[in-house]
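Undergrad: Below you'll find the structure I mean.
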4 protein chains.
Amino acid sequence: MYAQRMHQTLAKERASRENRARLLISCPDGPGIIAAVTKYLYEAGANIVRSDQHSTGPDLGLFFMRIEFELPDLDYHFTSLQAEFSSVASSFSMQWEMRRASIPKRMAIFVSKEPHCLMELLWQWQAGDLFADIVGVVSNHEAALPLVEPYGIPYRSMVVNKDTKSVAESEQLKLLDDWSADVVVLARYMQILSADMVSRYPRKIINIHHSFLPAFIGNNPYRKAYDRGVKLIGATAHYVTAQLDEGPIIEQDVHRVDHRDETEDMRRIGRHVERVVLARAVKWHLEDKILVHGNKTVVFA
Amino acid sequence: MYAQRMHQTLAKERASRENRARLLISCPDGPGIIAAVTKYLYEAGANIVRSDQHSTGPDLGLFFMRIEFELPDLDYHFTSLQAEFSSVASSFSMQWEMRRASIPKRMAIFVSKEPHCLMELLWQWQAGDLFADIVGVVSNHEAALPLVEPYGIPYRSMVVNKDTKSVAESEQLKLLDDWSADVVVLARYMQILSADMVSRYPRKIINIHHSFLPAFIGNNPYRKAYDRGVKLIGATAHYVTAQLDEGPIIEQDVHRVDHRDETEDMRRIGRHVERVVLARAVKWHLEDKILVHGNKTVVFA
Amino acid sequence: MYAQRMHQTLAKERASRENRARLLISCPDGPGIIAAVTKYLYEAGANIVRSDQHSTGPDLGLFFMRIEFELPDLDYHFTSLQAEFSSVASSFSMQWEMRRASIPKRMAIFVSKEPHCLMELLWQWQAGDLFADIVGVVSNHEAALPLVEPYGIPYRSMVVNKDTKSVAESEQLKLLDDWSADVVVLARYMQILSADMVSRYPRKIINIHHSFLPAFIGNNPYRKAYDRGVKLIGATAHYVTAQLDEGPIIEQDVHRVDHRDETEDMRRIGRHVERVVLARAVKWHLEDKILVHGNKTVVFA
Amino acid sequence: MYAQRMHQTLAKERASRENRARLLISCPDGPGIIAAVTKYLYEAGANIVRSDQHSTGPDLGLFFMRIEFELPDLDYHFTSLQAEFSSVASSFSMQWEMRRASIPKRMAIFVSKEPHCLMELLWQWQAGDLFADIVGVVSNHEAALPLVEPYGIPYRSMVVNKDTKSVAESEQLKLLDDWSADVVVLARYMQILSADMVSRYPRKIINIHHSFLPAFIGNNPYRKAYDRGVKLIGATAHYVTAQLDEGPIIEQDVHRVDHRDETEDMRRIGRHVERVVLARAVKWHLEDKILVHGNKTVVFA
């Protein structure tokens with residue numbers, strides 16, 4: 001029943017975005033970029049709905065831009081639209097992408113035992129707040145199965161330990177491949193991905209770390225926070241890179257704790273911060289609102 | 001001594017903004033506006049440093065834009081730059097302003113007995129966070145004089161009561177005129193300005209109201225908040241209009257209170273919210289980051 | 001399956017609180033109260049785990065206290081414990097309650113179409129954050145049924161409109177009676193309860209209002225917030241009294257919005273505030289952390 | 001003029017607290033402590049105005065308590081009151097202090113070039129929010145002199161560098177001694193105190209670190225925060241111990257930043273967080289609301 005309702009919701013969302021596209025640009029800063037891009041869009045008959053840009057200043061000399069536009073019969077024009085833009089792009093040495101807003105990203109979710117981040121994503125998704133195809137859920141446990149089943153989303157679990165890790169990862173990569181996943185969300189997945197796996201999905205794997213990074217890197221952050229006696233605990237959503245907990249930060253938030261809160265209370269309070277921070281980061285990613293340079297993000301929230 | 005140091009700080013700030021200008025636009029939404037504006041700036045040799053825009057959507061059909069740009073020898077070109085833009089502007093029925101960032105607004109501050117908002121403005125100003133000429137402080141009390149004196153800022157006080165109100169206001173208007181004030185900040189000035197006075201400074205008088213509007217309009221909001229038993233108290237900075245506490249809201253914030261907080265505690269906690277909220281609103285106004293339509297603000301913070 | 005797991009979770013929670021009780025006191029302030037109460041508990045062999053008190057100050061002259069204590073074989077002693085306390089209580093004119101922490105409150109949840117508050121309560125409940133027996137869900141729609149079913153919680157829906165309202169309310173009262181409900185949570189239940197119904201559950205019906213009360217009382221608060229151009233939107237959990245939206249406030253929180261947020265965005269952002277604020281208030285109520293006097297709450301959070 | 005006004009304010013504050021005292025207790029947890037303490041106070045004729053306690057739970061087995069009470073003619077009774085309590089205290093192996101609320105702590109403030117934290121303390125002090133005798137300001141610069149002078153507070157500056165450090169510290173220790181300082185606030189004092197100096201004022205030196213500890217320990221935290229690309233910046237007030245930035249945390253808070261904020265912006269935003277966090281910590285210390293165990297604080301805020 002859920003599956004069917006979600007199908008309808010997605011179809012409706014898709015229809016409402018039928019003629020909308022997003023243009024994402026990163027390039028060396030210089031004069032005339034905005035003029036050239038907006039002139040191009042105007043002449044193509046596009047109407048700019050929203051535009052954000054950011055210059056890093058002379059030190060780095062980088063320019064970032066995200067434009068959301070509407071164009072009648074986008075479907076028909078899309079290929080030529082891209083082709084024509086490439087000449088504008090090359091004259092400014094742009095890295096760029098043009099995406100149709102009506103095509104949901106294909107999102108796979110990894111989870112271990114604690115389900116709160118997964119639940120939040122499912123909840124926001126079914127409420128229409130997250131526009132995505134959830135192509136499957138992968139877990140090293142069975143625990144989250146009943147949450148996923150009512151939505152008709154594939155759920156694959158596998159044992160992950162020292163001995164099975166590389167086999168399990170091969171299986172996971174195959175699943176991602178079969179599902180044509182283009183974004184992977186680690187929703188409290190308590191296993192470290194191999195460098196190989198990370199390298200196949202650059203800037204496409206989002207993790208939630210249960211601390212305010214760079215404080216309390218690694219495991220057991222709530223225990224460490226308790227031991228240090230901090231007065232705020234936090235969570236950090238970031239893109240996964242080969243360095244554990246060192247990838248570009250997308251979003252962070254905190255919640256107040258006090259001397260009465262034991263490690264277990266921090267864990268409970270932290271769950272609320274984690275799920276909210278991860279959901280925000282995923283939403284921005286799905287809406288192409290994040291640009292990455294070096295180890296940093298530009299978020300046009 | 002302070003006076004001299006401030007003079008140097010302002011001079012330095014001024015120099016650093018010598019070639020910077022801001023273009024503010026409000027107009028009916030439609031295709032080609034951004035392209036036309038950015039093309040114009042490009043051809044004029046300007047480099048866009050920051051650009052923000054907002055479309056209200058089809059219901060209201062309004063478009064707002066703020067562009068910050070650098071142009072070598074701005075001083076020399078400024079008049080012709082404006083003249084040339086007016087043809088672009090008229091083809092889109094724009095209301096617009098082009099302002100030089102190096103020219104500080106001339107700010108007058110009104111205050112009654114409680115000095116915390118005035119102090120915050122002075123503090124942020126001397127720290128270089130607020131770029132303005134503080135042309136004078138007006139008060140219906142003597143209390144704040146020692147705060148203002150070290151800066152060499154003129155301080156004028158006058159008795160304001162039922163009998164003297166209209167005389168006092170004439171005097172105040174004369175002062176604003178003498179000082180060529182172009183923004184008036186009511187920093188906990190506990191007198192209601194006449195409709196006439198308000199009408200002379202449209203969207204140029206900023207007030208701080210000590211509640212989270214529209215809750216607790218009028219006087220004694222902390223008393224009312226205490227009586228209602230709220231769990232958060234707030235403050236609201238807004239442009240002053242003829243309707244008391246009904247003008248366009250610029251900024252709001254809140255702070256948590258609990259059952260132990262009496263009216264007096266709320267007042268004390270509230271002071272911190274008030275001064276921060278007012279200072280943010282003033283900063284945005286001074287940097288031309290606020291556009292007003294109807295009873296609302298667009299804030300490109 | 002869920003039903004069974006929850007049964008186990010509750011049983012475990014119950015066991016861990018077997019010997020814990022809470023003592024709640026309201027009385028006129030005066031010397032010796034704490035000494036008398038703690039002496040009594042000490043002599044009864046109880047160990048105080050947590051104690052909170054609040055004096056309103058001389059104006060109101062009220063004293064509130066909440067003590068959480070452990071006593072071996074509480075079950076066996078509980079009746080005599082209460083009997084003995086009544087003499088202490090009467091010498092200070094106390095209103096008081098002694099409750100066993102191992103007995104979950106019997107909670108009924110009312111909901112209309114929007115399920116986010118119900119979902120949050122169910123989620124926190126199954127995660128062990130809310131200790132309650134959820135005895136049933138009542139709705140004027142069918143929408144939330146699939147959320148509730150997996151938990152084996154009774155779901156009763158009935159048409160509520162002008163013609164059916166009084167019949168529906170009789171049915172609801174009968175359900176609450178059959179279920180022996182002792183707390184009713186209005187989790188975005190969009191119908192106004194009759195004064196009669198409210199009077200049967202004094203300080204036992206918790207509502208979530210989707211605004212920062214007392215701003216935007218009544219219906220359509222997000223629309224009103226949008227029209228007023230506020231920069232923060234909020235939610236308020238309160239006990240329901242005969243005056244709509246006027247009951248004692250338990251908890252409030254806010255979230256930032258800006259000029260880009262339409263009424264619909266505020267609704268979406270607001271859902272997150274509503275569910276969190278309601279869940280906090282329900283948790284405090286379930287843990288006997290709220291005392292009410294007049295139209296205010298004392299929350300020993 | 002200020003000096004005189006402050007004298008009057010302090011005298012008034014002092015009078016209003018004439019009969020108020022605070023009792024601070026740390027001891028092994030066990031039955032009967034609260035009963036014994038409150039019985040003692042009751043029999044002594046004291047009225048408890050506020051009482052807070054905290055048990056760490058069975059692992060640490062510690063109990064902390066803070067009681068604020070009123071006793072007529074406190075001055076007259078104070079010595080015997082203390083003497084009598086010592087027998088209660090010894091039977092529970094308490095560490096304890098009884099302090100008269102009317103006696104302000106003697107506070108010295110250390111500052112370097114950046115004056116915002118000093119200004120905040122002075123502001124809150126003159127507004128009556130901080131009850132203390134500010135006995136002197138020590139600096140390695142002249143910059144803050146004009147802020148302090150109007151209050152008639154002694155200002156002593158000395159060159160501090162590698163060569164002069166030990167001489168400077170001797171001078172500082174002598175000043176603290178001459179002033180009979182019993183609390184030292186490092187209000188952005190950018191020098192590291194020697195272990196010897198720290199050991200003379202255990203749990204009496206409060207520092208503000210300009211990061212959310214334990215993130216960005218050491219110097220240049222805003223630069224590090226910028227390099228890491230965090231989305232929130234913070235500040236931490238803590239007691240100074242021999243380990244740099246490792247002492248017991250009293251208070252922390254954060255403020256949001258985004259990709260547009262350069263190191264310099266973070267510094268500016270951070271100043272607001274720093275001054276507020278430090279002022280809160282100092283206020284709690286002055287009101288004897290902080291108890292320390294191991295490397296943690298219990299704050300009865």
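Each chain in the structure tokens gets a letter, A, B and so on, in the order shown; residues start at 1 in every chain, and ligands are counted from 1 in the order they appear.
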Please report as a PyMOL selection string which residues of chain B come no farther than 12 Å from chain D, using only C-alpha atoms.
TA: chain B and resi 1-3+5+49-50+113-120+122-124+126-130+143-147+149-151+258+260+264-265+267-269+271-273+275-276+279-280+301
Undergrad: Tell me, which residues of range 107-248 of chain D carry DSSP alpha helix (DSSP H), written as a PyMOL selection string?
TA: chain D and resi 116-126+145-148+165-178+195-200+221-228
Undergrad: Can you tell me which residues surround range 19-24 of chain C at a distance of at most 12 Å, considering only C-alpha atoms, apart from same-chain residues fewer than 6 positions away, and format the answer as an NGL selection string?
TA: :C and (13 or 37-38 or 40-41 or 45-54 or 63-78 or 81-82 or 85-86 or 89 or 94-104 or 286-292 or 298-300)
Undergrad: Using only C-alpha atoms, determine which residues lie at most 9 Å from Pro202 in chain B, disregarding the query and same-chain residues fewer than 6 positions distant; provide the list as a PDB file with all heavy atoms, in the first residue's frame.
TA:
ATOM      1  N   TYR B 239      11.251  47.918  10.763  1.00  0.00           N
ATOM      2  CA  TYR B 239      11.121  49.298  10.323  1.00  0.00           C
ATOM      3  C   TYR B 239       9.869  49.887  10.957  1.00  0.00           C
ATOM      4  O   TYR B 239       8.850  49.196  11.081  1.00  0.00           O
ATOM      5  CB  TYR B 239      11.027  49.371   8.799  1.00  0.00           C
ATOM      6  CG  TYR B 239      12.352  49.119   8.114  1.00  0.00           C
ATOM      7  CD1 TYR B 239      12.532  48.006   7.298  1.00  0.00           C
ATOM      8  CD2 TYR B 239      13.416  49.993   8.284  1.00  0.00           C
ATOM      9  CE1 TYR B 239      13.745  47.769   6.668  1.00  0.00           C
ATOM     10  CE2 TYR B 239      14.646  49.767   7.653  1.00  0.00           C
ATOM     11  CZ  TYR B 239      14.799  48.665   6.857  1.00  0.00           C
ATOM     12  OH  TYR B 239      16.000  48.423   6.245  1.00  0.00           O
ATOM     13  N   VAL B 240       9.966  51.132  11.321  1.00  0.00           N
ATOM     14  CA  VAL B 240       8.839  51.785  11.977  1.00  0.00           C
ATOM     15  C   VAL B 240       7.872  52.326  10.935  1.00  0.00           C
ATOM     16  O   VAL B 240       8.293  52.977   9.973  1.00  0.00           O
ATOM     17  CB  VAL B 240       9.338  52.923  12.892  1.00  0.00           C
ATOM     18  CG1 VAL B 240       8.162  53.679  13.496  1.00  0.00           C
ATOM     19  CG2 VAL B 240      10.235  52.363  13.977  1.00  0.00           C
ATOM     20  N   THR B 241       6.595  52.011  11.118  1.00  0.00           N
ATOM     21  CA  THR B 241       5.545  52.573  10.282  1.00  0.00           C
ATOM     22  C   THR B 241       4.533  53.247  11.197  1.00  0.00           C
ATOM     23  O   THR B 241       4.697  53.249  12.412  1.00  0.00           O
ATOM     24  CB  THR B 241       4.836  51.477   9.470  1.00  0.00           C
ATOM     25  OG1 THR B 241       4.262  50.536  10.389  1.00  0.00           O
ATOM     26  CG2 THR B 241       5.802  50.751   8.555  1.00  0.00           C
TER      27      THR B 241
END
Undergrad: Go ahead and compute the interatomic distance for CA of Tyr189 in chain C and CA of Thr263 in chain C, in Å to one decimal.
TA: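 Interatomic distance, CA of Tyr189 in chain C to CA of Thr263 in chain C: 20.0 Å.
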Undergrad: Excluding Thr56 in chain A and residues on its chain fewer than 3 positions from it, collect all residues at most 9 Å away from it, counting only C-alpha atoms, and give them as a PyMOL selection string.
TA: (chain A and resi 29+59-64) or (chain D and resi 259-260+262)
Undergrad: Would you output that residue set with C-alpha atoms, as a PDB file, in the first residue's frame?
TA:
ATOM      1  CA  ASP A  29      36.919  33.493 -11.075  1.00  0.00           C
ATOM      2  CA  ASP A  59      43.518  33.846  -2.729  1.00  0.00           C
ATOM      3  CA  LEU A  60      41.851  30.801  -4.208  1.00  0.00           C
ATOM      4  CA  GLY A  61      40.312  32.637  -7.139  1.00  0.00           C
ATOM      5  CA  LEU A  62      37.421  30.222  -7.543  1.00  0.00           C
ATOM      6  CA  PHE A  63      33.870  30.864  -8.660  1.00  0.00           C
ATOM      7  CA  PHE A  64      30.842  28.667  -7.977  1.00  0.00           C
TER       8      PHE A  64
ATOM      9  CA  HIS D 259      31.127  28.942   2.941  1.00  0.00           C
ATOM     10  CA  ARG D 260      31.159  32.735   2.611  1.00  0.00           C
ATOM     11  CA  GLU D 262      36.586  33.652   5.797  1.00  0.00           C
TER      12      GLU D 262
END
Undergrad: Within 10 Å of Gln4 in chain B, counting only C-alpha atoms, which residues qualify if same-chain residues fewer than 5 places away don't, as a list in words?
TA: Thr9, Leu10, Tyr151 and Gly152 of chain B
Undergrad: As a VMD selection string, which residues of range 7-170 of chain B does DSSP assign to strand (DSSP E or B)?
TA: chain B and resid 20 to 28 47 to 55 62 to 70 95 to 100 105 to 111 132 to 139 155 to 157
Undergrad: Do a neighbour search on range 163-173 of chain C at 12 Å with only C-alpha atoms, toss out local chain neighbours closer than 2 positions, and write the hits as a PyMOL selection string.
TA: chain C and resi 108-110+136-140+155-161+175-182+184+191-201
Undergrad: Residues of the last selection are to be written out with N, CA, C and O atoms, as a compact mmCIF listing (two decimals), in the first residue's frame.
TA:
# COMPACT_ATOMS: atom_id res chain seq x y z
N ALA C 108 -3.62 7.68 25.23
CA ALA C 108 -4.37 7.64 23.96
C ALA C 108 -3.90 8.79 23.09
O ALA C 108 -3.58 9.87 23.60
N ILE C 109 -3.80 8.54 21.79
CA ILE C 109 -3.33 9.58 20.87
C ILE C 109 -4.43 9.89 19.86
O ILE C 109 -4.99 8.98 19.26
N PHE C 110 -4.74 11.16 19.71
CA PHE C 110 -5.71 11.61 18.70
C PHE C 110 -4.93 12.23 17.54
O PHE C 110 -4.00 13.01 17.75
N GLY C 136 -4.46 3.27 22.58
CA GLY C 136 -5.24 3.35 21.36
C GLY C 136 -5.00 4.66 20.64
O GLY C 136 -4.52 5.63 21.22
N VAL C 137 -5.32 4.65 19.35
CA VAL C 137 -5.23 5.86 18.53
C VAL C 137 -6.62 6.16 18.00
O VAL C 137 -7.32 5.26 17.51
N VAL C 138 -7.03 7.41 18.12
CA VAL C 138 -8.35 7.85 17.66
C VAL C 138 -8.14 8.85 16.55
O VAL C 138 -7.27 9.72 16.66
N SER C 139 -8.95 8.73 15.49
CA SER C 139 -8.77 9.67 14.38
C SER C 139 -10.09 9.96 13.69
O SER C 139 -11.01 9.15 13.71
N ASN C 140 -10.16 11.14 13.08
CA ASN C 140 -11.29 11.42 12.21
C ASN C 140 -10.95 11.10 10.75
O ASN C 140 -11.62 11.57 9.84
N TYR C 155 -6.86 1.05 16.65
CA TYR C 155 -7.05 2.29 15.89
C TYR C 155 -8.54 2.46 15.64
O TYR C 155 -9.16 1.60 15.03
N ARG C 156 -9.12 3.53 16.12
CA ARG C 156 -10.55 3.75 15.92
C ARG C 156 -10.75 5.06 15.18
O ARG C 156 -10.25 6.10 15.64
N SER C 157 -11.45 5.01 14.07
CA SER C 157 -11.72 6.24 13.34
C SER C 157 -13.23 6.48 13.26
O SER C 157 -14.01 5.53 13.28
N MET C 158 -13.57 7.74 13.18
CA MET C 158 -14.99 8.10 13.11
C MET C 158 -15.09 9.42 12.36
O MET C 158 -14.17 10.24 12.40
N VAL C 159 -16.18 9.59 11.64
CA VAL C 159 -16.41 10.85 10.94
C VAL C 159 -16.73 11.94 11.97
O VAL C 159 -17.56 11.72 12.85
N VAL C 160 -16.03 13.06 11.86
CA VAL C 160 -16.34 14.17 12.75
C VAL C 160 -16.69 15.40 11.92
O VAL C 160 -15.84 15.92 11.19
N ASN C 161 -17.94 15.81 11.97
CA ASN C 161 -18.34 17.07 11.35
C ASN C 161 -19.46 17.68 12.20
O ASN C 161 -19.81 17.13 13.25
N LEU C 175 -14.43 5.19 24.38
CA LEU C 175 -13.14 4.53 24.09
C LEU C 175 -12.13 4.82 25.20
O LEU C 175 -11.47 3.92 25.71
N LEU C 176 -12.00 6.10 25.54
CA LEU C 176 -11.04 6.48 26.59
C LEU C 176 -11.36 5.76 27.89
O LEU C 176 -10.47 5.33 28.64
N ASP C 177 -12.65 5.62 28.12
CA ASP C 177 -13.10 4.93 29.32
C ASP C 177 -12.76 3.43 29.25
O ASP C 177 -12.18 2.87 30.18
N ASP C 178 -13.08 2.83 28.12
CA ASP C 178 -12.79 1.41 27.94
C ASP C 178 -11.30 1.14 28.07
O ASP C 178 -10.87 0.12 28.62
N TRP C 179 -10.52 2.05 27.54
CA TRP C 179 -9.06 1.88 27.56
C TRP C 179 -8.45 2.29 28.91
O TRP C 179 -7.25 2.15 29.11
N SER C 180 -9.27 2.86 29.78
CA SER C 180 -8.76 3.42 31.04
C SER C 180 -7.61 4.40 30.77
O SER C 180 -6.59 4.40 31.48
N ALA C 181 -7.76 5.20 29.75
CA ALA C 181 -6.71 6.17 29.40
C ALA C 181 -6.54 7.19 30.51
O ALA C 181 -7.53 7.66 31.08
N ASP C 182 -5.32 7.51 30.84
CA ASP C 182 -5.15 8.60 31.81
C ASP C 182 -4.35 9.77 31.26
O ASP C 182 -4.08 10.73 31.99
N VAL C 184 -4.23 12.00 27.32
CA VAL C 184 -4.68 12.08 25.93
C VAL C 184 -3.78 13.08 25.21
O VAL C 184 -3.64 14.22 25.65
N GLN C 191 -9.58 18.98 15.44
CA GLN C 191 -10.93 19.24 15.90
C GLN C 191 -10.86 19.85 17.30
O GLN C 191 -9.97 19.49 18.08
N ILE C 192 -11.82 20.72 17.58
CA ILE C 192 -11.86 21.32 18.92
C ILE C 192 -12.67 20.43 19.84
O ILE C 192 -13.80 20.06 19.52
N LEU C 193 -12.10 20.09 20.98
CA LEU C 193 -12.82 19.25 21.93
C LEU C 193 -13.87 20.10 22.67
O LEU C 193 -13.66 21.29 22.91
N SER C 194 -14.96 19.47 23.04
CA SER C 194 -15.99 20.20 23.78
C SER C 194 -15.50 20.48 25.20
O SER C 194 -14.63 19.78 25.73
N ALA C 195 -16.09 21.50 25.80
CA ALA C 195 -15.73 21.86 27.18
C ALA C 195 -15.98 20.69 28.11
O ALA C 195 -15.22 20.46 29.06
N ASP C 196 -17.00 19.92 27.82
CA ASP C 196 -17.32 18.78 28.67
C ASP C 196 -16.19 17.76 28.64
O ASP C 196 -15.72 17.29 29.67
N MET C 197 -15.75 17.44 27.42
CA MET C 197 -14.68 16.45 27.28
C MET C 197 -13.41 16.93 28.00
O MET C 197 -12.75 16.18 28.70
N VAL C 198 -13.07 18.21 27.78
CA VAL C 198 -11.88 18.77 28.40
C VAL C 198 -11.96 18.67 29.93
O VAL C 198 -10.99 18.32 30.61
N SER C 199 -13.15 18.92 30.45
CA SER C 199 -13.30 18.96 31.91
C SER C 199 -13.13 17.57 32.53
O SER C 199 -12.86 17.44 33.72
N ARG C 200 -13.30 16.54 31.74
CA ARG C 200 -13.13 15.18 32.29
C ARG C 200 -11.66 14.76 32.40
O ARG C 200 -11.36 13.78 33.06
N TYR C 201 -10.80 15.46 31.69
CA TYR C 201 -9.36 15.12 31.73
C TYR C 201 -8.53 16.36 32.05
O TYR C 201 -7.71 16.79 31.24
Undergrad: One decimal, in Å: what's the spacing between CA of Lys204 in chain B and CA of Arg17 in chain B?
TA: 22.8 Å
